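**Student:** Shown below is the structure under consideration.
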Number of protein chains: 2
Amino acid sequence: MNTTSRTEENYLKAIFQLCERSEEPIATNAIAHAMKTSAASVTDMIKKLSKKELVHYQKHKGVRLTDSGNSMATSLVRKHRLWETFLVNKLNFSWEEVHEIAEELEHIPSKKLIDRLDDFLGNPKFDPHGDPIPDSAGNFTFRKQISLPELAEGAEGVLVGVQDDTMTFLQYLNKLNLTLGTKIKIVERFDYDESTKIVINGKQEQILTNKVCLNLFVKTI
Amino acid sequence: MNTTSRTEENYLKAIFQLCERSEEPIATNAIAHAMKTSAASVTDMIKKLSKKELVHYQKHKGVRLTDSGNSMATSLVRKHRLWETFLVNKLNFSWEEVHEIAEELEHIPSKKLIDRLDDFLGNPKFDPHGDPIPDSAGNFTFRKQISLPELAEGAEGVLVGVQDDTMTFLQYLNKLNLTLGTKIKIVERFDYDESTKIVINGKQEQILTNKVCLNLFVKTI
DNA sequence: AAATATTTTTAGATTAGTCTAAAAATACTT
DNA sequence: AAGTATTTTTAGACTAATCTAAAAATATTT
């Protein structure tokens, strides 16, 4: 049997995402944490994936995806992001609601389905969160995550993360409608006080201090 | 835990469909046949569903759905038929291809998703096969299955079944593009030789003998 | 480098869904 | 109504994915 179970798929995707943030082999505990399960379960699953040649594995040395593991994970990411795009663009969901549903939809196996969906959506290159959507061959445009001060005047980015994740900071951002996925355009920088004027989601103008800017990470559009 | 597993859902749907064709309690073997599994497995599952009060069950007496089992099954049918409609109307699948994919999609749990999909599709009352789509409260228009001679002149129906399912007859139908799901309009009946002129899928005109008509079942539109 | 702490793996048990084979209940036939 | 056939249920075993607790390996501290 050469199929991949839903659970195996979820492991592959978790490992893929951990690999994106580090060149090192991924630790058992890191996977356990991502999958909200025990280290023992992870070891069991790793052995299985290793036997199927989806991961490289040596005892106590962590794992990396093999080429075939990587391409499976990429295909899952493609499905996930296309479904998210569908939910937001066609069914009018807001971007915060869609993750959980897309987590289910990404396991629907038909390749034809996903390619048709891709066409139906107009072959988008990025999902509503600003993350790149792999094409049917698995290629995608990598967009570096940069801090707001690195974004050129006139350029646009999508908010993808924050440095300072204290409650007070997040609440402040929330008040400005600066949530993950928000589109930010740099209008002008003022050398006088190092402040920056931005436009949020194409309409709301806002002045940010340099301190705030340094804590915001965006991906360019 | 009060959730319903994918497998339980598949059993509920199979029982629901068997209930549609008979007033009698559904036999273990009938379910086993529909689910392509052993009678032993069915008995095990029935016990579980019975404990959850989704079916009425007495040993050796077969099962019926309870109200709550029925409403779960109806919700699955709603999902299945809406997804099929989406696949055919929006993604340009042909109606024969969609069943298997919809079989997967129907297990996506979000009610909000399915209600939004319903709106997106324009709240269709019938799926591409001509089967009724339950609304979000579980109500649907029942359309009786009638043989072609019972369909009035000028009326339209969707082909949903055949009486004579010999290979030769099916091959003959295939040649005329008369496949399940095909739309048939009665144009005129000729008393002289009891033949009937129909239009297939809104374009192809065709004369059928009475013998053929008696073997075709349609649902009215 | 020895002792301690942490991480990872193993061992053994559990649950859901399945199976086969045998036993029990029901239905058909003469 | 007795015997045979069929259907349904039970019993016991298997697999996938999980768990806890203990053992083994690796990393850190003194």
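Ligands are numbered from 1 in the order shown, residues from 1 within each chain, and chains are lettered A, B, ... in the order they appear in the structure tokens.
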Do you know which residues are at most 7 Å from Lys219 (chain B) counting only C-alpha atoms (C1' of nucleotides), after dropping those on the same chain fewer than 3 positions away, and could you put them as a count of residues only?

**Tutor:** 9

**Student:** Hey, what's within 9 Å of Lys185 (chain A) if we count only C-alpha atoms (C1' of nucleotides) and toss same-chain stuff fewer than 3 positions away? As a count of residues only, please?

**Tutor:** 13

**Student:** Distance limit 12 Å, atoms considered: only C-alpha atoms (C1' of nucleotides). Which chain C residues sit that close to chain A? Return them as an mmCIF file with C-alpha atoms (C1' of nucleotides), in the first residue's frame.

**Tutor:**
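Listing of iface.cif after writing:
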```cif
data_model
loop_
_atom_site.group_PDB
_atom_site.id
_atom_site.type_symbol
_atom_site.label_atom_id
_atom_site.label_comp_id
_atom_site.auth_asym_id
_atom_site.auth_seq_id
_atom_site.Cartn_x
_atom_site.Cartn_y
_atom_site.Cartn_z
ATOM 1 C "C1'" DT C 6 16.993 16.746 29.319
ATOM 2 C "C1'" DT C 7 15.684 14.403 25.248
ATOM 3 C "C1'" DT C 8 14.626 10.394 22.816
ATOM 4 C "C1'" DT C 9 13.470 5.735 22.430
ATOM 5 C "C1'" DT C 10 11.423 1.404 23.939
ATOM 6 C "C1'" DA C 11 7.972 -1.465 26.135
#
```

**Student:** Just to confirm, what's the straight-line distance from CA of Leu105 (chain B) to CA of Phe16 (chain B) in Å (one decimal)?

**Tutor:**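 Here the two named atoms are 18.2 Å from each other.
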
**Student:** If the cut-off is 12 Å, can you tell me the residues of chain A near chain B, counting only C-alpha atoms? I'd like them as number ranges by chain.

**Tutor:** A: 83-84, 86-94, 97-122

**Student:** Deliver the residues from the most recent selection as a file, using N, CA, C and O atoms, as a compact mmCIF listing (two decimals), in the first residue's frame.

**Tutor:**
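Saved result, selection.txt, follows:
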```
# COMPACT_ATOMS: atom_id res chain seq x y z
N TRP A 83 -7.49 26.51 -0.82
CA TRP A 83 -8.79 26.46 -0.15
C TRP A 83 -9.01 27.72 0.68
O TRP A 83 -10.11 28.28 0.70
N GLU A 84 -7.96 28.20 1.34
CA GLU A 84 -8.11 29.43 2.12
C GLU A 84 -8.50 30.58 1.20
O GLU A 84 -9.36 31.40 1.53
N PHE A 86 -10.07 30.36 -1.63
CA PHE A 86 -11.47 30.13 -2.01
C PHE A 86 -12.42 30.63 -0.92
O PHE A 86 -13.39 31.35 -1.19
N LEU A 87 -12.13 30.24 0.31
CA LEU A 87 -13.02 30.59 1.42
C LEU A 87 -13.13 32.09 1.60
O LEU A 87 -14.21 32.64 1.82
N VAL A 88 -11.99 32.78 1.45
CA VAL A 88 -11.99 34.23 1.65
C VAL A 88 -12.56 34.95 0.43
O VAL A 88 -13.45 35.80 0.56
N ASN A 89 -12.08 34.58 -0.75
CA ASN A 89 -12.46 35.34 -1.96
C ASN A 89 -13.86 35.00 -2.47
O ASN A 89 -14.54 35.86 -3.02
N LYS A 90 -14.27 33.76 -2.33
CA LYS A 90 -15.54 33.35 -2.91
C LYS A 90 -16.65 33.22 -1.87
O LYS A 90 -17.80 33.52 -2.16
N LEU A 91 -16.31 32.72 -0.70
CA LEU A 91 -17.36 32.50 0.30
C LEU A 91 -17.39 33.59 1.37
O LEU A 91 -18.12 33.48 2.36
N ASN A 92 -16.57 34.63 1.19
CA ASN A 92 -16.60 35.79 2.08
C ASN A 92 -16.29 35.49 3.54
O ASN A 92 -16.82 36.14 4.44
N PHE A 93 -15.45 34.50 3.77
CA PHE A 93 -14.97 34.31 5.13
C PHE A 93 -13.91 35.36 5.41
O PHE A 93 -13.25 35.86 4.49
N SER A 94 -13.72 35.69 6.69
CA SER A 94 -12.60 36.55 7.03
C SER A 94 -11.38 35.66 7.23
O SER A 94 -11.50 34.47 7.54
N GLU A 97 -10.88 33.09 10.10
CA GLU A 97 -11.78 31.94 10.28
C GLU A 97 -11.36 30.72 9.48
O GLU A 97 -11.83 29.63 9.75
N VAL A 98 -10.54 30.95 8.46
CA VAL A 98 -10.41 29.92 7.44
C VAL A 98 -9.40 28.81 7.74
O VAL A 98 -9.49 27.73 7.18
N HIS A 99 -8.48 29.08 8.65
CA HIS A 99 -7.40 28.11 8.83
C HIS A 99 -7.90 26.72 9.18
O HIS A 99 -7.54 25.73 8.55
N GLU A 100 -8.77 26.68 10.16
CA GLU A 100 -9.26 25.39 10.66
C GLU A 100 -9.99 24.59 9.57
O GLU A 100 -9.80 23.38 9.43
N ILE A 101 -10.81 25.29 8.80
CA ILE A 101 -11.55 24.60 7.73
C ILE A 101 -10.59 24.12 6.65
O ILE A 101 -10.70 22.99 6.17
N ALA A 102 -9.63 24.98 6.30
CA ALA A 102 -8.66 24.58 5.27
C ALA A 102 -7.82 23.39 5.73
O ALA A 102 -7.40 22.56 4.92
N GLU A 103 -7.63 23.29 7.02
CA GLU A 103 -6.89 22.17 7.62
C GLU A 103 -7.58 20.84 7.29
O GLU A 103 -6.92 19.80 7.17
N GLU A 104 -8.89 20.88 7.15
CA GLU A 104 -9.65 19.69 6.75
C GLU A 104 -9.62 19.51 5.24
O GLU A 104 -9.37 18.43 4.73
N LEU A 105 -9.90 20.60 4.54
CA LEU A 105 -10.02 20.52 3.08
C LEU A 105 -8.71 20.07 2.42
O LEU A 105 -8.74 19.43 1.37
N GLU A 106 -7.59 20.39 3.03
CA GLU A 106 -6.30 20.07 2.41
C GLU A 106 -6.08 18.56 2.27
O GLU A 106 -5.17 18.14 1.55
N HIS A 107 -6.88 17.77 2.96
CA HIS A 107 -6.68 16.32 2.87
C HIS A 107 -7.51 15.65 1.78
O HIS A 107 -7.41 14.44 1.57
N ILE A 108 -8.36 16.42 1.11
CA ILE A 108 -9.11 15.86 -0.02
C ILE A 108 -8.11 15.52 -1.11
O ILE A 108 -7.33 16.37 -1.53
N PRO A 109 -8.07 14.25 -1.55
CA PRO A 109 -6.94 13.82 -2.36
C PRO A 109 -6.90 14.25 -3.83
O PRO A 109 -5.83 14.39 -4.38
N SER A 110 -8.01 14.46 -4.50
CA SER A 110 -7.98 14.63 -5.96
C SER A 110 -7.11 15.79 -6.47
O SER A 110 -7.31 16.95 -6.13
N LYS A 111 -6.14 15.44 -7.29
CA LYS A 111 -5.27 16.46 -7.89
C LYS A 111 -6.04 17.29 -8.91
O LYS A 111 -5.85 18.50 -9.01
N LYS A 112 -6.92 16.60 -9.63
CA LYS A 112 -7.73 17.31 -10.62
C LYS A 112 -8.57 18.39 -9.95
O LYS A 112 -8.70 19.51 -10.46
N LEU A 113 -9.14 18.03 -8.79
CA LEU A 113 -9.94 18.99 -8.05
C LEU A 113 -9.14 20.25 -7.76
O LEU A 113 -9.58 21.37 -7.99
N ILE A 114 -7.93 20.06 -7.26
CA ILE A 114 -7.18 21.22 -6.80
C ILE A 114 -6.70 22.05 -7.99
O ILE A 114 -6.66 23.28 -7.91
N ASP A 115 -6.39 21.39 -9.08
CA ASP A 115 -5.98 22.14 -10.27
C ASP A 115 -7.15 22.95 -10.86
O ASP A 115 -6.98 24.09 -11.28
N ARG A 116 -8.33 22.35 -10.82
CA ARG A 116 -9.52 23.08 -11.29
C ARG A 116 -9.82 24.26 -10.36
O ARG A 116 -10.19 25.34 -10.81
N LEU A 117 -9.67 24.02 -9.07
CA LEU A 117 -9.91 25.09 -8.10
C LEU A 117 -8.94 26.24 -8.36
O LEU A 117 -9.31 27.42 -8.35
N ASP A 118 -7.70 25.89 -8.60
CA ASP A 118 -6.65 26.87 -8.91
C ASP A 118 -7.09 27.75 -10.09
O ASP A 118 -7.05 28.98 -10.02
N ASP A 119 -7.55 27.10 -11.16
CA ASP A 119 -8.01 27.84 -12.33
C ASP A 119 -9.21 28.72 -11.98
O ASP A 119 -9.28 29.89 -12.38
N PHE A 120 -10.14 28.14 -11.25
CA PHE A 120 -11.36 28.86 -10.88
C PHE A 120 -11.03 30.15 -10.13
O PHE A 120 -11.68 31.17 -10.27
N LEU A 121 -9.96 30.08 -9.32
CA LEU A 121 -9.58 31.25 -8.52
C LEU A 121 -8.69 32.21 -9.30
O LEU A 121 -8.29 33.26 -8.79
N GLY A 122 -8.36 31.83 -10.54
CA GLY A 122 -7.50 32.69 -11.36
C GLY A 122 -6.02 32.50 -11.08
O GLY A 122 -5.24 33.44 -11.19
```

**Student:** Taking only C-alpha atoms (C1' of nucleotides) into account and nothing else, which residues of chain A lie no more than 9 Å away from chain D? Please answer as a PyMOL selection string.

**Tutor:** chain A and resi 7+37-38+40-41+45+60

**Student:** At a cut-off of 12 Å, using only C-alpha atoms (C1' of nucleotides), what residues contact Leu173 (chain B)? Leave out same-chain residues fewer than 4 positions from it and give the result as a list in words.

**Tutor:**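 In the requested form, the answer reads Leu159, Gly161, Val162, Asp164, Asp165, Thr166, Met167, Thr168, Phe169, Asn177, Leu178, Thr179, Leu180, Thr182, Ile200, Gln206, Leu208, Val212, Cys213, Asn215 and Leu216 of chain B.
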
**Student:** Convert the current residue selection to file output with all heavy atoms, as a short mmCIF file (atom, residue, chain, number, x, y, z; two decimals), in the first residue's frame.

**Tutor:**
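File produced: selection_20.cif:
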```cif
data_model
loop_
_atom_site.label_atom_id
_atom_site.label_comp_id
_atom_site.auth_asym_id
_atom_site.auth_seq_id
_atom_site.Cartn_x
_atom_site.Cartn_y
_atom_site.Cartn_z
N LEU B 159 -33.12 11.77 -15.87
CA LEU B 159 -33.03 10.31 -15.86
C LEU B 159 -32.34 9.85 -14.57
O LEU B 159 -31.21 10.25 -14.29
CB LEU B 159 -32.23 9.83 -17.08
CG LEU B 159 -32.14 8.31 -17.26
CD1 LEU B 159 -33.53 7.69 -17.39
CD2 LEU B 159 -31.29 7.95 -18.45
N GLY B 161 -32.92 6.34 -13.33
CA GLY B 161 -32.79 4.90 -13.20
C GLY B 161 -33.38 4.18 -14.39
O GLY B 161 -34.08 4.78 -15.21
N VAL B 162 -33.05 2.89 -14.50
CA VAL B 162 -33.61 2.07 -15.56
C VAL B 162 -34.18 0.80 -14.96
O VAL B 162 -33.75 0.35 -13.91
CB VAL B 162 -32.54 1.69 -16.61
CG1 VAL B 162 -32.07 2.91 -17.37
CG2 VAL B 162 -31.36 0.96 -15.96
N ASP B 164 -34.78 -2.20 -16.96
CA ASP B 164 -34.01 -3.26 -17.62
C ASP B 164 -32.53 -2.86 -17.60
O ASP B 164 -32.14 -1.92 -18.28
CB ASP B 164 -34.52 -3.36 -19.07
CG ASP B 164 -33.63 -4.24 -19.93
OD1 ASP B 164 -32.66 -4.82 -19.41
OD2 ASP B 164 -33.93 -4.35 -21.14
N ASP B 165 -31.72 -3.55 -16.79
CA ASP B 165 -30.32 -3.11 -16.76
C ASP B 165 -29.38 -4.11 -17.44
O ASP B 165 -28.26 -4.33 -17.03
CB ASP B 165 -29.85 -2.80 -15.33
CG ASP B 165 -29.92 -4.04 -14.44
OD1 ASP B 165 -30.46 -5.05 -14.90
OD2 ASP B 165 -29.42 -3.96 -13.31
N THR B 166 -29.88 -4.71 -18.50
CA THR B 166 -29.01 -5.59 -19.29
C THR B 166 -27.98 -4.73 -20.04
O THR B 166 -28.20 -3.56 -20.30
CB THR B 166 -29.82 -6.37 -20.35
OG1 THR B 166 -30.47 -5.42 -21.19
CG2 THR B 166 -30.85 -7.27 -19.69
N MET B 167 -26.89 -5.38 -20.34
CA MET B 167 -25.79 -4.70 -21.03
C MET B 167 -26.26 -4.10 -22.36
O MET B 167 -25.92 -2.96 -22.67
CB MET B 167 -24.69 -5.73 -21.29
CG MET B 167 -23.29 -5.15 -21.33
SD MET B 167 -22.98 -4.12 -19.87
CE MET B 167 -21.47 -3.31 -20.39
N THR B 168 -27.02 -4.88 -23.11
CA THR B 168 -27.44 -4.39 -24.43
C THR B 168 -28.28 -3.12 -24.32
O THR B 168 -28.10 -2.18 -25.10
CB THR B 168 -28.24 -5.46 -25.20
OG1 THR B 168 -29.22 -6.00 -24.31
CG2 THR B 168 -27.35 -6.56 -25.72
N PHE B 169 -29.17 -3.10 -23.35
CA PHE B 169 -30.02 -1.93 -23.18
C PHE B 169 -29.18 -0.72 -22.77
O PHE B 169 -29.32 0.37 -23.33
CB PHE B 169 -31.13 -2.20 -22.15
CG PHE B 169 -32.10 -1.06 -22.01
CD1 PHE B 169 -32.81 -0.59 -23.11
CD2 PHE B 169 -32.31 -0.46 -20.78
CE1 PHE B 169 -33.71 0.47 -22.99
CE2 PHE B 169 -33.21 0.60 -20.65
CZ PHE B 169 -33.91 1.06 -21.74
N ASN B 177 -26.74 8.99 -25.83
CA ASN B 177 -26.35 9.96 -24.79
C ASN B 177 -27.35 9.98 -23.64
O ASN B 177 -27.44 10.97 -22.92
CB ASN B 177 -26.22 11.38 -25.35
CG ASN B 177 -25.17 11.46 -26.42
OD1 ASN B 177 -24.10 10.86 -26.26
ND2 ASN B 177 -25.47 12.16 -27.50
N LEU B 178 -28.08 8.90 -23.47
CA LEU B 178 -29.03 8.83 -22.36
C LEU B 178 -28.35 8.19 -21.17
O LEU B 178 -28.47 6.99 -20.93
CB LEU B 178 -30.27 8.04 -22.77
CG LEU B 178 -31.34 8.83 -23.51
CD1 LEU B 178 -32.46 7.92 -24.00
CD2 LEU B 178 -31.91 9.91 -22.58
N THR B 179 -27.62 8.99 -20.42
CA THR B 179 -26.96 8.50 -19.22
C THR B 179 -27.66 9.05 -18.00
O THR B 179 -28.42 10.01 -18.11
CB THR B 179 -25.49 8.93 -19.21
OG1 THR B 179 -25.43 10.32 -19.56
CG2 THR B 179 -24.68 8.15 -20.23
N LEU B 180 -27.40 8.47 -16.84
CA LEU B 180 -28.02 8.95 -15.60
C LEU B 180 -27.73 10.43 -15.44
O LEU B 180 -26.62 10.88 -15.66
CB LEU B 180 -27.48 8.18 -14.40
CG LEU B 180 -27.97 6.75 -14.23
CD1 LEU B 180 -27.37 6.14 -12.97
CD2 LEU B 180 -29.49 6.70 -14.17
N THR B 182 -29.16 12.76 -17.18
CA THR B 182 -29.54 13.46 -18.41
C THR B 182 -30.92 14.09 -18.28
O THR B 182 -31.82 13.52 -17.69
CB THR B 182 -29.57 12.45 -19.58
OG1 THR B 182 -28.28 11.87 -19.69
CG2 THR B 182 -29.94 13.13 -20.88
N ILE B 200 -33.01 15.66 -25.61
CA ILE B 200 -32.02 15.26 -24.62
C ILE B 200 -31.11 16.43 -24.29
O ILE B 200 -30.51 17.02 -25.19
CB ILE B 200 -31.20 14.07 -25.16
CG1 ILE B 200 -32.12 12.88 -25.45
CG2 ILE B 200 -30.10 13.69 -24.19
CD1 ILE B 200 -31.45 11.74 -26.16
N GLN B 206 -34.89 13.17 -30.30
CA GLN B 206 -34.79 11.72 -30.37
C GLN B 206 -36.18 11.10 -30.31
O GLN B 206 -37.04 11.59 -29.60
CB GLN B 206 -33.94 11.23 -29.18
CG GLN B 206 -33.63 9.75 -29.20
CD GLN B 206 -32.78 9.38 -30.40
OE1 GLN B 206 -31.81 10.06 -30.70
NE2 GLN B 206 -33.15 8.33 -31.12
N LEU B 208 -38.25 7.75 -29.24
CA LEU B 208 -38.11 6.52 -28.46
C LEU B 208 -39.35 5.65 -28.63
O LEU B 208 -40.47 6.17 -28.65
CB LEU B 208 -37.95 6.83 -26.97
CG LEU B 208 -36.75 7.65 -26.53
CD1 LEU B 208 -36.79 7.86 -25.02
CD2 LEU B 208 -35.44 6.98 -26.95
N VAL B 212 -38.84 1.25 -24.85
CA VAL B 212 -37.72 1.94 -24.21
C VAL B 212 -38.24 2.86 -23.11
O VAL B 212 -37.74 2.86 -21.98
CB VAL B 212 -36.91 2.74 -25.25
CG1 VAL B 212 -35.90 3.65 -24.56
CG2 VAL B 212 -36.19 1.79 -26.20
N CYS B 213 -39.29 3.63 -23.42
CA CYS B 213 -39.84 4.58 -22.45
C CYS B 213 -40.23 3.91 -21.14
O CYS B 213 -40.01 4.44 -20.06
CB CYS B 213 -41.07 5.29 -23.02
SG CYS B 213 -40.64 6.46 -24.32
N ASN B 215 -38.93 1.54 -19.72
CA ASN B 215 -37.76 1.14 -18.94
C ASN B 215 -36.97 2.29 -18.35
O ASN B 215 -35.97 2.08 -17.69
CB ASN B 215 -36.83 0.29 -19.82
CG ASN B 215 -37.31 -1.15 -19.90
OD1 ASN B 215 -37.59 -1.74 -18.86
ND2 ASN B 215 -37.45 -1.67 -21.11
N LEU B 216 -37.44 3.51 -18.60
CA LEU B 216 -36.71 4.67 -18.10
C LEU B 216 -37.46 5.33 -16.95
O LEU B 216 -38.66 5.58 -17.05
CB LEU B 216 -36.53 5.69 -19.24
CG LEU B 216 -35.69 5.23 -20.43
CD1 LEU B 216 -35.62 6.33 -21.48
CD2 LEU B 216 -34.30 4.81 -19.99
#
```

**Student:** For Lys79 (chain A), which residue among A:Ile207, A:Leu54, A:Leu12, A:Ile133 is the nearest when counting only C-alpha atoms?

**Tutor:**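 Ranking A:Ile207, A:Leu54, A:Leu12, A:Ile133 by distance to Lys79 (chain A), first place goes to A:Ile133.
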
**Student:** State, in Å with one decimal place, the distance from CA of Ser50 (chain B) to C1' of DA21 (chain C).

**Tutor:**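 Going from CA of Ser50 (chain B) over to C1' of DA21 (chain C), I get 25.5 Å.
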
**Student:** What parts of region 17-198 of chain B does DSSP call strand (DSSP E)? I'd like the answer as number ranges by chain.

**Tutor:** B: 55-57, 63-65, 145-147, 156-162, 183-190, 195-198

**Student:** List every residue of region 9-181 of chain B that DSSP, applied to the backbone, labels as alpha helix (DSSP H), and write the result as JSON, numbers by chain.

**Tutor:** {"B": [9, 10, 11, 12, 13, 14, 15, 16, 17, 18, 19, 20, 28, 29, 30, 31, 32, 33, 34, 35, 39, 40, 41, 42, 43, 44, 45, 46, 47, 48, 49, 50, 51, 67, 68, 69, 70, 71, 72, 73, 74, 75, 76, 77, 78, 79, 80, 81, 82, 83, 84, 85, 86, 87, 88, 89, 98, 99, 100, 101, 102, 103, 104, 105, 111, 112, 113, 114, 115, 116, 117, 118, 119, 120, 167, 168, 169, 170, 171, 172, 173, 174, 175]}

**Student:** Between CA of Gln17 (chain B) and CA of Ala152 (chain B), what is the distance, to one decimal in Å?

**Tutor:**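 That distance, rounded to one decimal, is 28.1 Å.
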